[in-house]
>>> print(open('my_file28.cif').read())   # mmCIF, C-alpha atoms and all ligand atoms
data_run
#
loop_
_atom_site.label_atom_id
_atom_site.label_comp_id
_atom_site.auth_asym_id
_atom_site.auth_seq_id
_atom_site.Cartn_x
_atom_site.Cartn_y
_atom_site.Cartn_z
CA MET A 1 6.22 24.81 -4.59
CA LYS A 2 9.04 23.12 -6.46
CA THR A 3 9.40 19.42 -5.66
CA HIS A 4 13.08 18.44 -5.36
CA VAL A 5 14.02 14.99 -6.62
CA PHE A 6 16.94 13.27 -4.88
CA PHE A 7 18.24 10.19 -6.67
CA VAL A 8 19.71 7.66 -4.26
CA ASP A 9 21.14 4.23 -5.09
CA LYS A 10 19.88 1.98 -2.31
CA ASN A 11 23.02 -0.17 -2.56
CA VAL A 12 25.39 2.67 -1.74
CA ASP A 13 27.57 2.20 1.36
CA ASP A 14 26.94 4.40 4.37
CA LEU A 15 23.51 5.67 3.36
CA ASN A 16 23.17 7.27 6.80
CA THR A 17 25.71 9.96 5.92
CA TYR A 18 24.87 10.22 2.20
CA PRO A 19 24.38 13.93 1.31
CA HIS A 20 20.99 13.48 -0.38
CA ILE A 21 19.67 11.54 2.59
CA LEU A 22 20.88 14.25 4.96
CA GLN A 23 19.22 16.93 2.84
CA ALA A 24 15.93 15.02 2.72
CA ALA A 25 16.17 14.50 6.51
CA SER A 26 16.61 18.24 7.06
CA TYR A 27 13.37 18.87 5.13
CA LEU A 28 11.60 16.49 7.52
CA GLN A 29 13.12 18.26 10.53
CA ARG A 30 11.75 21.54 9.17
CA GLY A 31 8.23 20.07 9.07
CA GLU A 32 8.12 19.61 5.29
CA LEU A 33 6.86 16.60 3.34
CA VAL A 34 9.27 14.09 1.79
CA ALA A 35 8.21 11.04 -0.24
CA PHE A 36 10.50 8.02 0.07
CA PRO A 37 10.60 4.37 -1.00
CA THR A 38 9.74 1.52 1.35
CA GLU A 39 9.70 -2.19 0.50
CA THR A 40 5.92 -2.01 -0.09
CA VAL A 41 5.01 1.32 -1.75
CA TYR A 42 6.32 4.91 -1.62
CA GLY A 43 5.38 6.75 1.58
CA LEU A 44 4.71 10.46 2.10
CA GLY A 45 6.64 11.31 5.26
CA ALA A 46 6.28 14.04 7.88
CA ASN A 47 7.48 14.51 11.47
CA ALA A 48 4.97 12.44 13.47
CA MET A 49 5.46 14.60 16.59
CA SER A 50 4.41 17.83 14.81
CA THR A 51 0.71 18.48 14.32
CA THR A 52 1.31 21.10 11.62
CA ALA A 53 3.68 18.85 9.68
CA VAL A 54 1.14 16.02 9.81
CA GLU A 55 -1.69 18.32 8.74
CA ASN A 56 0.26 19.04 5.55
CA ILE A 57 0.00 15.36 4.61
CA PHE A 58 -3.80 15.49 4.62
CA VAL A 59 -3.77 18.65 2.49
CA ALA A 60 -1.24 17.34 -0.08
CA LYS A 61 -3.07 14.01 -0.50
CA GLY A 62 -6.63 15.31 -0.20
CA ARG A 63 -7.02 12.65 2.48
CA PRO A 64 -10.13 12.47 4.71
CA SER A 65 -9.11 13.62 8.20
CA ASP A 66 -10.70 10.60 9.92
CA ASN A 67 -8.15 8.25 8.33
CA PRO A 68 -5.17 7.71 10.69
CA LEU A 69 -1.53 7.38 9.59
CA ILE A 70 1.16 4.75 10.14
CA VAL A 71 4.20 5.91 12.12
CA HIS A 72 7.49 4.58 10.70
CA ILE A 73 10.48 3.93 12.92
CA ALA A 74 14.06 2.75 12.30
CA THR A 75 14.95 1.38 15.74
CA LYS A 76 13.12 -0.44 18.54
CA GLU A 77 13.99 2.42 20.93
CA GLN A 78 11.79 4.80 18.91
CA LEU A 79 8.82 2.56 19.64
CA HIS A 80 8.69 3.78 23.23
CA ASP A 81 8.24 7.41 22.14
CA ILE A 82 4.92 6.59 20.51
CA ALA A 83 3.40 3.39 21.97
CA CYS A 84 2.89 2.01 25.50
CA ASP A 85 1.56 -1.12 27.25
CA ILE A 86 2.99 -3.25 24.45
CA PRO A 87 1.58 -6.80 24.73
CA PRO A 88 4.00 -9.77 24.55
CA VAL A 89 2.45 -10.96 21.27
CA ALA A 90 3.46 -7.65 19.65
CA HIS A 91 7.08 -8.21 20.71
CA THR A 92 6.99 -11.68 19.15
CA LEU A 93 5.64 -10.22 15.88
CA MET A 94 8.33 -7.52 15.84
CA GLU A 95 11.07 -10.12 16.39
CA HIS A 96 9.88 -12.15 13.41
CA PHE A 97 8.65 -9.59 10.92
CA TRP A 98 10.53 -6.31 11.51
CA PRO A 99 11.91 -4.69 9.57
CA GLY A 100 9.15 -5.70 7.15
CA PRO A 101 5.62 -5.18 5.79
CA LEU A 102 3.72 -5.67 9.06
CA THR A 103 2.05 -2.73 10.84
CA LEU A 104 1.08 -3.16 14.49
CA ILE A 105 -1.81 -1.33 16.15
CA LEU A 106 -0.79 -0.53 19.74
CA PRO A 107 -1.98 1.71 22.60
CA LYS A 108 -0.69 5.21 21.88
CA LYS A 109 1.49 7.52 23.98
CA GLU A 110 0.04 10.91 24.90
CA ALA A 111 2.78 12.75 22.96
CA VAL A 112 1.58 11.48 19.56
CA SER A 113 -0.56 14.09 17.84
CA PRO A 114 -4.27 13.16 17.62
CA ARG A 115 -4.00 14.22 13.95
CA VAL A 116 -1.79 11.15 13.37
CA THR A 117 -4.25 8.75 14.97
CA ALA A 118 -7.44 10.56 13.91
CA GLY A 119 -8.39 10.81 17.57
CA LEU A 120 -8.12 7.05 18.26
CA ASN A 121 -6.37 5.88 21.43
CA THR A 122 -4.22 3.49 19.38
CA VAL A 123 -1.34 4.13 16.98
CA ALA A 124 -0.17 2.17 13.92
CA VAL A 125 3.59 1.48 13.88
CA ARG A 126 5.92 -0.20 11.43
CA MET A 127 9.65 -0.58 10.73
CA PRO A 128 10.06 -0.70 6.92
CA ASN A 129 12.54 -3.09 5.35
CA HIS A 130 14.19 -0.66 2.96
CA PRO A 131 17.70 0.77 3.37
CA ILE A 132 16.69 4.25 2.17
CA ALA A 133 13.63 4.45 4.43
CA LEU A 134 15.65 3.30 7.44
CA ALA A 135 18.55 5.69 6.71
CA LEU A 136 16.20 8.64 6.21
CA ILE A 137 14.27 8.00 9.43
CA GLN A 138 17.51 7.58 11.36
CA ALA A 139 19.11 10.70 9.89
CA SER A 140 16.01 12.74 10.79
CA GLY A 141 16.04 11.40 14.35
CA LEU A 142 12.23 11.44 14.25
CA PRO A 143 9.35 8.98 14.07
CA ILE A 144 7.89 9.55 10.59
CA ALA A 145 4.16 9.48 9.86
CA ALA A 146 3.70 8.27 6.29
CA PRO A 147 0.67 7.18 4.31
CA SER A 148 1.13 5.91 0.76
CA ALA A 149 2.35 8.83 -1.41
CA ASN A 150 -0.62 8.99 -3.81
CA ARG A 151 -3.49 11.46 -4.14
CA SER A 152 -6.35 10.00 -2.10
CA GLY A 153 -8.30 7.43 -4.13
CA ARG A 154 -5.47 6.73 -6.62
CA PRO A 155 -3.47 3.47 -6.65
CA SER A 156 -0.51 3.53 -4.23
CA PRO A 157 2.78 4.51 -5.94
CA THR A 158 5.42 1.87 -6.56
CA THR A 159 7.80 4.19 -8.46
CA ALA A 160 8.96 7.79 -8.01
CA LYS A 161 7.23 8.63 -11.30
CA HIS A 162 3.87 7.56 -9.83
CA VAL A 163 4.51 9.93 -6.89
CA LEU A 164 5.37 12.84 -9.19
CA ASP A 165 2.31 12.15 -11.37
CA ASP A 166 0.15 12.63 -8.25
CA LEU A 167 2.03 15.12 -6.04
CA ASP A 168 4.49 17.19 -8.11
CA GLY A 169 4.41 20.76 -6.80
CA ARG A 170 2.52 19.73 -3.64
CA ILE A 171 5.44 18.31 -1.61
CA ALA A 172 8.96 19.54 -0.78
CA ALA A 173 10.95 16.55 -1.98
CA ILE A 174 11.04 12.97 -3.14
CA VAL A 175 13.82 10.46 -2.68
CA ASP A 176 13.88 8.36 -5.85
CA GLY A 177 15.28 4.95 -4.92
CA GLY A 178 13.79 2.99 -7.84
CA ALA A 179 10.80 0.65 -7.88
CA THR A 180 9.57 -0.81 -4.59
CA GLY A 181 9.53 -4.61 -4.15
CA VAL A 182 6.41 -6.01 -2.47
CA GLY A 183 4.01 -3.79 -4.43
CA VAL A 184 1.03 -3.84 -2.03
CA GLU A 185 0.92 -2.12 1.36
CA SER A 186 1.81 -3.65 4.71
CA THR A 187 -0.50 -5.99 6.59
CA VAL A 188 -2.18 -4.13 9.46
CA ILE A 189 -2.74 -6.21 12.62
CA ASP A 190 -4.49 -5.00 15.76
CA CYS A 191 -2.55 -6.19 18.82
CA THR A 192 -4.95 -4.64 21.34
CA THR A 193 -7.61 -7.36 20.95
CA ALA A 194 -7.50 -10.62 22.98
CA ILE A 195 -6.76 -12.47 19.74
CA PRO A 196 -4.76 -10.28 17.32
CA THR A 197 -6.94 -9.17 14.40
CA ILE A 198 -5.90 -8.52 10.79
CA LEU A 199 -7.48 -5.21 9.71
CA ARG A 200 -5.85 -5.03 6.27
CA PRO A 201 -4.30 -7.94 4.34
CA GLY A 202 -0.89 -7.07 2.88
CA GLY A 203 2.75 -7.99 2.40
CA VAL A 204 2.86 -10.51 5.27
CA THR A 205 0.28 -13.29 4.85
CA LYS A 206 -2.11 -14.60 7.51
CA GLU A 207 -0.45 -17.99 7.08
CA ASP A 208 2.99 -16.45 7.86
CA ILE A 209 1.63 -14.78 11.00
CA GLU A 210 -0.18 -17.90 12.26
CA GLN A 211 3.02 -19.92 11.97
CA VAL A 212 4.55 -17.59 14.56
CA ILE A 213 1.73 -16.71 17.02
CA GLY A 214 -1.03 -19.23 16.26
CA VAL A 215 -4.60 -18.43 15.25
CA VAL A 216 -5.46 -14.80 14.44
CA ASP A 217 -8.80 -13.16 13.69
CA ILE A 218 -9.76 -11.25 10.55
CA ASP A 219 -11.77 -8.04 10.80
CA ARG A 220 -15.39 -8.97 9.94
CA ALA A 221 -15.55 -6.17 7.39
CA LEU A 222 -13.00 -8.03 5.24
CA VAL A 223 -15.31 -11.01 4.80
CA GLU A 224 -18.82 -9.69 5.44
CA LYS A 225 -20.68 -7.12 3.36
CA GLY A 226 -21.96 -4.17 5.37
CA ALA A 227 -19.77 -4.61 8.49
CA VAL A 228 -17.95 -1.42 9.55
CA PRO A 229 -14.16 -1.84 9.24
CA LYS A 230 -12.00 -1.19 12.34
CA SER A 231 -9.37 0.37 10.12
CA PRO A 232 -10.90 3.65 8.95
CA GLY A 233 -8.96 3.58 5.66
CA MET A 234 -10.60 0.33 4.59
CA LYS A 235 -13.99 1.96 4.08
CA TYR A 236 -12.88 4.26 1.26
CA THR A 237 -12.96 3.26 -2.39
CA HIS A 238 -9.45 3.16 -3.66
CA TYR A 239 -7.16 2.43 -6.51
CA ALA A 240 -9.97 2.88 -9.00
CA PRO A 241 -8.82 3.26 -12.61
CA LYS A 242 -10.78 5.71 -14.80
CA ALA A 243 -12.53 2.98 -16.80
CA PRO A 244 -14.87 0.68 -14.86
CA LEU A 245 -13.12 -2.51 -13.77
CA ILE A 246 -14.89 -5.84 -13.38
CA VAL A 247 -13.32 -8.89 -11.74
CA VAL A 248 -14.11 -12.17 -13.50
CA ASN A 249 -14.33 -15.40 -11.52
CA GLY A 250 -14.10 -18.08 -14.17
CA SER A 251 -12.17 -19.46 -17.12
CA SER A 252 -10.34 -17.44 -19.79
CA THR A 253 -12.95 -18.63 -22.30
CA PHE A 254 -15.68 -17.07 -20.17
CA LEU A 255 -13.68 -13.83 -19.81
CA GLN A 256 -13.15 -13.73 -23.60
CA GLN A 257 -16.94 -14.11 -24.14
CA LEU A 258 -17.54 -11.03 -21.96
CA VAL A 259 -14.93 -9.12 -23.96
CA ASN A 260 -16.57 -10.16 -27.25
CA GLU A 261 -20.01 -9.02 -26.11
CA LYS A 262 -18.77 -5.53 -25.19
CA ARG A 263 -16.73 -5.20 -28.37
CA ALA A 264 -19.77 -6.20 -30.43
CA ASN A 265 -21.46 -3.17 -28.85
CA GLY A 266 -18.64 -0.91 -30.03
CA LEU A 267 -16.79 -0.59 -26.70
CA ARG A 268 -12.99 -0.66 -26.40
CA VAL A 269 -12.13 -3.39 -23.92
CA GLY A 270 -9.04 -3.94 -21.73
CA VAL A 271 -7.98 -7.20 -20.09
CA LEU A 272 -5.86 -7.45 -16.93
CA THR A 273 -4.21 -10.86 -17.18
CA THR A 274 -1.02 -12.75 -16.29
CA GLU A 275 2.06 -13.80 -18.27
CA GLU A 276 0.71 -17.35 -18.51
CA ARG A 277 -2.52 -16.27 -20.22
CA ARG A 278 -1.68 -13.05 -22.05
CA HIS A 279 -1.73 -14.67 -25.48
CA THR A 280 -5.10 -16.33 -24.98
CA TYR A 281 -7.08 -13.04 -25.21
CA GLU A 282 -8.20 -10.92 -28.10
CA ALA A 283 -9.07 -7.42 -26.87
CA ASP A 284 -8.17 -3.77 -27.52
CA VAL A 285 -5.61 -3.63 -24.71
CA VAL A 286 -4.16 -6.68 -22.91
CA ILE A 287 -1.82 -5.98 -19.96
CA PRO A 288 -0.14 -8.81 -18.06
CA CYS A 289 0.40 -8.38 -14.31
CA GLY A 290 3.07 -10.80 -13.10
CA ARG A 291 2.94 -14.58 -13.11
CA ARG A 292 0.07 -16.62 -11.77
CA ASN A 293 2.49 -19.30 -10.56
CA ASP A 294 4.13 -16.75 -8.22
CA LEU A 295 1.52 -14.39 -6.76
CA ARG A 296 4.23 -12.15 -5.29
CA THR A 297 4.96 -10.97 -8.85
CA VAL A 298 1.27 -10.12 -9.33
CA ALA A 299 1.29 -8.00 -6.15
CA GLN A 300 4.50 -6.33 -7.31
CA HIS A 301 2.99 -5.07 -10.60
CA LEU A 302 -0.67 -4.56 -9.66
CA TYR A 303 -0.69 -0.79 -9.02
CA ASP A 304 1.54 -0.05 -11.99
CA VAL A 305 -0.85 -2.00 -14.23
CA LEU A 306 -3.92 -0.21 -12.82
CA ARG A 307 -2.20 3.12 -13.56
CA ALA A 308 -1.18 1.89 -17.03
CA PHE A 309 -4.83 1.34 -18.01
CA ASP A 310 -5.39 5.06 -17.42
CA GLU A 311 -2.91 5.80 -20.24
CA THR A 312 -5.09 3.82 -22.67
CA ASN A 313 -8.54 4.76 -23.96
CA VAL A 314 -10.42 1.60 -22.99
CA ASP A 315 -14.06 1.95 -21.95
CA ILE A 316 -14.11 -1.06 -19.65
CA ILE A 317 -11.56 -3.44 -18.08
CA TYR A 318 -12.05 -7.13 -17.26
CA SER A 319 -9.60 -8.65 -14.78
CA GLU A 320 -8.78 -12.24 -14.01
CA SER A 321 -9.25 -13.21 -10.36
CA PHE A 322 -6.76 -14.91 -8.03
CA PRO A 323 -6.97 -17.63 -5.36
CA ASN A 324 -8.01 -16.19 -2.00
CA GLU A 325 -5.03 -17.51 -0.02
CA GLY A 326 -1.47 -16.40 0.73
CA MET A 327 -0.61 -13.20 -1.18
CA GLY A 328 -3.82 -13.75 -3.17
CA VAL A 329 -5.81 -12.35 -0.23
CA ALA A 330 -4.14 -8.91 -0.43
CA ILE A 331 -4.30 -8.95 -4.25
CA MET A 332 -8.04 -9.76 -4.33
CA ASN A 333 -8.71 -7.17 -1.58
CA ARG A 334 -7.08 -4.42 -3.70
CA LEU A 335 -8.55 -5.62 -7.01
CA LEU A 336 -12.09 -5.73 -5.63
CA LYS A 337 -11.63 -2.28 -4.10
CA ALA A 338 -10.43 -0.99 -7.46
CA ALA A 339 -13.50 -2.59 -9.04
CA GLY A 340 -15.87 -1.05 -6.48
CA HIS A 341 -16.69 -4.73 -5.76
CA GLU A 342 -18.07 -5.30 -9.28
CA GLN A 343 -17.55 -8.97 -10.12
CA VAL A 344 -19.09 -11.69 -12.25
CA MET A 345 -19.12 -15.46 -11.69
CA GLU A 346 -19.09 -18.07 -14.41
CA LYS A 347 -22.15 -20.28 -14.03
O1 LIG A 401 2.96 -0.38 3.37
C1 LIG A 401 2.38 0.54 3.97
O2 LIG A 401 1.74 0.34 5.01
C2 LIG A 401 2.50 1.96 3.37
C3 LIG A 401 3.96 2.37 3.43
C4 LIG A 401 4.17 3.80 2.99
O3 LIG A 401 4.49 2.14 4.71
N1 LIG A 401 1.65 2.88 4.09
C5 LIG A 401 0.29 2.87 3.96
O4 LIG A 401 -0.33 3.89 4.66
O5 LIG A 401 -0.30 2.06 3.31
P1 LIG A 401 -1.87 4.29 4.41
O6 LIG A 401 -2.05 5.54 5.20
O7 LIG A 401 -2.13 4.36 2.97
O8 LIG A 401 -2.69 3.17 5.10
C6 LIG A 401 -2.73 3.08 6.53
C7 LIG A 401 -3.86 2.18 6.96
C8 LIG A 401 -5.20 2.82 6.73
O9 LIG A 401 -6.12 1.83 6.30
C9 LIG A 401 -5.54 3.33 8.14
O10 LIG A 401 -6.94 3.47 8.34
C10 LIG A 401 -4.94 2.24 9.01
O11 LIG A 401 -3.73 1.92 8.36
N2 LIG A 401 -4.65 2.71 10.38
C11 LIG A 401 -3.75 3.65 10.78
N3 LIG A 401 -3.80 3.84 12.11
C12 LIG A 401 -4.75 3.01 12.58
C13 LIG A 401 -5.30 2.74 13.89
N4 LIG A 401 -4.84 3.38 14.98
N5 LIG A 401 -6.29 1.83 14.00
C14 LIG A 401 -6.75 1.17 12.89
N6 LIG A 401 -6.28 1.38 11.63
C15 LIG A 401 -5.30 2.29 11.48
MG MG A 402 -2.95 4.45 1.07
#
>>> encode(input="my_file28.cif", output="structure tokens")
Amino acid sequence: MKTHVFFVDKNVDDLNTYPHILQAASYLQRGELVAFPTETVYGLGANAMSTTAVENIFVAKGRPSDNPLIVHIATKEQLHDIACDIPPVAHTLMEHFWPGPLTLILPKKEAVSPRVTAGLNTVAVRMPNHPIALALIQASGLPIAAPSANRSGRPSPTTAKHVLDDLDGRIAAIVDGGATGVGVESTVIDCTTAIPTILRPGGVTKEDIEQVIGVVDIDRALVEKGAVPKSPGMKYTHYAPKAPLIVVNGSSTFLQQLVNEKRANGLRVGVLTTEERRHTYEADVVIPCGRRNDLRTVAQHLYDVLRAFDETNVDIIYSESFPNEGMGVAIMNRLLKAAGHEQVMEK
């Protein structure tokens, strides 16, 4: 299969009638797969009402079939095609955070294919805050099921190149709208529990959410080893670069000592650092990932940096760690997943 690339400038007027958007929308209507940018990461879209279209997603990604998909919508009206019994707290969250990187888990409508929800009686829904995503969904007239557009287990794509590296020849088309902004996936919040529960930390922080609806819970699996996550996708290892990655909780001096020990044993060592500290390390490869004084920039570059290490020939990567608050929660969640939870603490 040849993968068509449609370049679209997201600042163009009247995206809804832009020829490339209409072409991409017609692929979706025919049940084919189209990757497109959102404000978080690129998504791999298919008609959420078609079981065969949705099945193609699992094949193209090599995704385990027990991992449900997020349905993307462009208008509030579309919500009622896929979800029902929507609790008041969900409406409040939509008012404040949509369009934006917050996915709500809601009771599902019968019409939604069980392939989308992996047989669960709930459905994940979000309205992305990206002009191309919104225009494409609207032009297709369909709710669009879309996981991140990477091969299963790879870091989520934040550029069209990342998507092509993983899926060229496996999908019908990709809309290239440049680099995404947030860099990590949406926050997933379960609105079917008495107190809403965060199942995956992401682009909207717990602090942001609590300012609007008061105290929320966090899925036990996010804080406790061994607990089974309520979000099936959270149990899979993810984002892992080819070389083993180890997260270092401690000073740069301590991290440098670890680097020195490995290099003394003849290993080539990489360091994942930040702009503030990039010049403090001596290693084979040093890659900065945003600025420590603005964690949003770290989130923005994280997946690109993890992919960049795969283009080097390092044997091992040490990464700095980040404060476990605000955007730091999503960053540490992804970093530790990428590291297979390998971390060291400075004594
Ligand atoms: O930012 C994002 O959310 C991106 C962009 C493309 O929108 N999408 C994304 O999709 O990250 P994906 O498939 O990579 O992650 C979806 C997550 C998985 O962890 C999945 O298990 C969870 O959402 N999920 C989906 N439906 C669910 C449900 N009914 N109950 C619990 N978790 C669900
Ligand atoms: Mg994903």
>>> residues_around(input="my_file28.cif", residues="A:Pro107", least_positions_apart="4", cutoff="6 Å", atoms="only C-alpha atoms", output="PyMOL selection string")
chain A and resi 83-84+122
>>> closest_residue(input="my_file28.cif", among="A:Ala124, A:Val314, A:Ala146, A:Leu15", to="ligand MG 402 (chain A)", atoms="only C-alpha atoms and all ligand atoms")
A:Ala146
>>> closest_atom_pairs(input="my_file28.cif", of="chain A", to="ligand MG 402 (chain A)", cutoff="12 Å", atoms="all atoms listed in the file", output="CSV")
residue,atom,partner,partner_atom,distance
A:Thr40,CA,A:MG402,MG,11.0
A:Val41,CA,A:MG402,MG,9.0
A:Tyr42,CA,A:MG402,MG,9.7
A:Gly43,CA,A:MG402,MG,8.7
A:Leu44,CA,A:MG402,MG,9.8
A:Ile57,CA,A:MG402,MG,11.8
A:Phe58,CA,A:MG402,MG,11.6
A:Lys61,CA,A:MG402,MG,9.7
A:Gly62,CA,A:MG402,MG,11.5
A:Arg63,CA,A:MG402,MG,9.3
A:Pro64,CA,A:MG402,MG,11.4
A:Asn67,CA,A:MG402,MG,9.7
A:Pro68,CA,A:MG402,MG,10.4
A:Leu69,CA,A:MG402,MG,9.1
A:Ile70,CA,A:MG402,MG,10.0
A:Ala146,CA,A:MG402,MG,9.3
A:Pro147,CA,A:MG402,MG,5.6
A:Ser148,CA,A:MG402,MG,4.3
A:Ala149,CA,A:MG402,MG,7.3
A:Asn150,CA,A:MG402,MG,7.1
A:Arg151,CA,A:MG402,MG,8.8
A:Ser152,CA,A:MG402,MG,7.2
A:Gly153,CA,A:MG402,MG,8.0
A:Arg154,CA,A:MG402,MG,8.4
A:Pro155,CA,A:MG402,MG,7.8
A:Ser156,CA,A:MG402,MG,5.9
A:Pro157,CA,A:MG402,MG,9.1
A:Thr158,CA,A:MG402,MG,11.6
A:Val184,CA,A:MG402,MG,9.7
A:Glu185,CA,A:MG402,MG,7.6
A:Ser186,CA,A:MG402,MG,10.1
A:Arg200,CA,A:MG402,MG,11.2
A:Gly202,CA,A:MG402,MG,11.8
A:Ser231,CA,A:MG402,MG,11.8
A:Pro232,CA,A:MG402,MG,11.2
A:Gly233,CA,A:MG402,MG,7.6
A:Met234,CA,A:MG402,MG,9.4
A:Lys235,CA,A:MG402,MG,11.7
A:Tyr236,CA,A:MG402,MG,9.9
A:Thr237,CA,A:MG402,MG,10.7
A:His238,CA,A:MG402,MG,8.1
A:Tyr239,CA,A:MG402,MG,8.9
A:Tyr303,CA,A:MG402,MG,11.6
A:Arg334,CA,A:MG402,MG,10.9
>>> closest_residue(input="my_file28.cif", among="A:Val54, A:Ala308, A:Ala145, A:Ile198", to="A:Leu104", atoms="all atoms listed in the file")
A:Ile198
>>> atom_distance(input="my_file28.cif", atom1="atom CA of A:Glu320", atom2="atom CA of A:Val285")
14.1 Å
>>> atom_distance(input="my_file28.cif", atom1="atom CA of A:Phe254", atom2="atom CA of A:Gly183")
28.5 Å
>>> atom_distance(input="my_file28.cif", atom1="atom O9 of ligand LIG 401 (chain A)", atom2="atom CA of A:Val215")
22.2 Å
>>> residues_around(input="my_file28.cif", residues="stretch 160-163 of chain A", least_positions_apart="6", cutoff="8 Å", atoms="only C-alpha atoms", output="list in words")
Ala35, Pro37, Tyr42, Ala149, Asn150, Ile174, Val175, Asp176, Gly177, Gly178 and Ala179 of chain A
>>> closest_residue(input="my_file28.cif", among="A:Ala53, A:Met332, A:Val216, A:Leu120", to="ligand LIG 401 (chain A)", atoms="all atoms listed in the file")
A:Leu120
>>> axis_aligned_box(input="my_file28.cif", around="ligand LIG 401 (chain A)", padding_each_side="5 Å", output="AutoDock Vina command-line options")
--center_x -1.2 --center_y 2.6 --center_z 9.0 --size_x 21.4 --size_y 15.9 --size_z 22.0
>>> closest_residue(input="my_file28.cif", among="A:Lys2, A:His96, A:His130, A:Arg30", to="ligand LIG 401 (chain A)", atoms="all atoms listed in the file")
A:His130
>>> closest_atom_pairs(input="my_file28.cif", of="stretch 185-262 of chain A", to="stretch 271-283 of chain A", cutoff="10 Å", atoms="only C-alpha atoms", output="Markdown table")
| residue | atom | partner | partner_atom | distance |
| --- | --- | --- | --- | --- |
| A:Leu245 | CA | A:Leu272 | CA | 9.3 |
| A:Ile246 | CA | A:Val271 | CA | 9.7 |
| A:Val247 | CA | A:Leu272 | CA | 9.2 |
| A:Ser252 | CA | A:Thr280 | CA | 7.5 |
| A:Thr253 | CA | A:Thr280 | CA | 8.6 |
| A:Leu255 | CA | A:Tyr281 | CA | 8.6 |
| A:Gln256 | CA | A:Tyr281 | CA | 6.3 |
| A:Gln257 | CA | A:Tyr281 | CA | 10.0 |
| A:Val259 | CA | A:Ala283 | CA | 6.8 |
| A:Asn260 | CA | A:Ala283 | CA | 8.0 |
>>> write_last_selection(input="my_file28.cif", atoms="C-alpha atoms", output="PDB file, keeping the file's coordinate frame")
ATOM      1  CA  LEU A 245     -13.120  -2.510 -13.770  1.00  0.00           C
ATOM      2  CA  ILE A 246     -14.890  -5.840 -13.380  1.00  0.00           C
ATOM      3  CA  VAL A 247     -13.320  -8.890 -11.740  1.00  0.00           C
ATOM      4  CA  SER A 252     -10.340 -17.440 -19.790  1.00  0.00           C
ATOM      5  CA  THR A 253     -12.950 -18.630 -22.300  1.00  0.00           C
ATOM      6  CA  LEU A 255     -13.680 -13.830 -19.810  1.00  0.00           C
ATOM      7  CA  GLN A 256     -13.150 -13.730 -23.600  1.00  0.00           C
ATOM      8  CA  GLN A 257     -16.940 -14.110 -24.140  1.00  0.00           C
ATOM      9  CA  VAL A 259     -14.930  -9.120 -23.960  1.00  0.00           C
ATOM     10  CA  ASN A 260     -16.570 -10.160 -27.250  1.00  0.00           C
TER      11      ASN A 260
END
>>> closest_residue(input="my_file28.cif", among="A:Asp13, A:Thr180, A:Asn313, A:Glu261", to="A:Lys242", atoms="only C-alpha atoms")
A:Asn313
>>> residues_around(input="my_file28.cif", residues="A:Gly270", least_positions_apart="5", cutoff="8 Å", atoms="only C-alpha atoms", output="PyMOL selection string")
chain A and resi 283-287+309+314-318
>>> closest_residue(input="my_file28.cif", among="A:Pro244, A:Pro19, A:Gly250, A:Pro99", to="A:Arg268", atoms="all atoms listed in the file")
A:Pro244
>>> residues_around(input="my_file28.cif", residues="A:His72", least_positions_apart="2", cutoff="12 Å", atoms="only C-alpha atoms", output="VMD selection string")
chain A and resid 36 38 43 to 49 69 to 70 74 to 76 78 to 79 81 to 82 98 to 104 116 123 to 130 133 to 138 140 to 148 186
>>> residues_near_point(input="my_file28.cif", point="(1.6, -11.6, 13.4)", cutoff="9 Å", atoms="all atoms listed in the file", output="list in words")
Val89, Ala90, Thr92, Leu93, Met94, His96, Phe97, Leu102, Leu104, Ile189, Cys191, Pro196, Thr197, Ile198, Val204, Thr205, Lys206, Asp208, Ile209, Glu210, Gln211, Val212, Ile213, Gly214 and Val216 of chain A
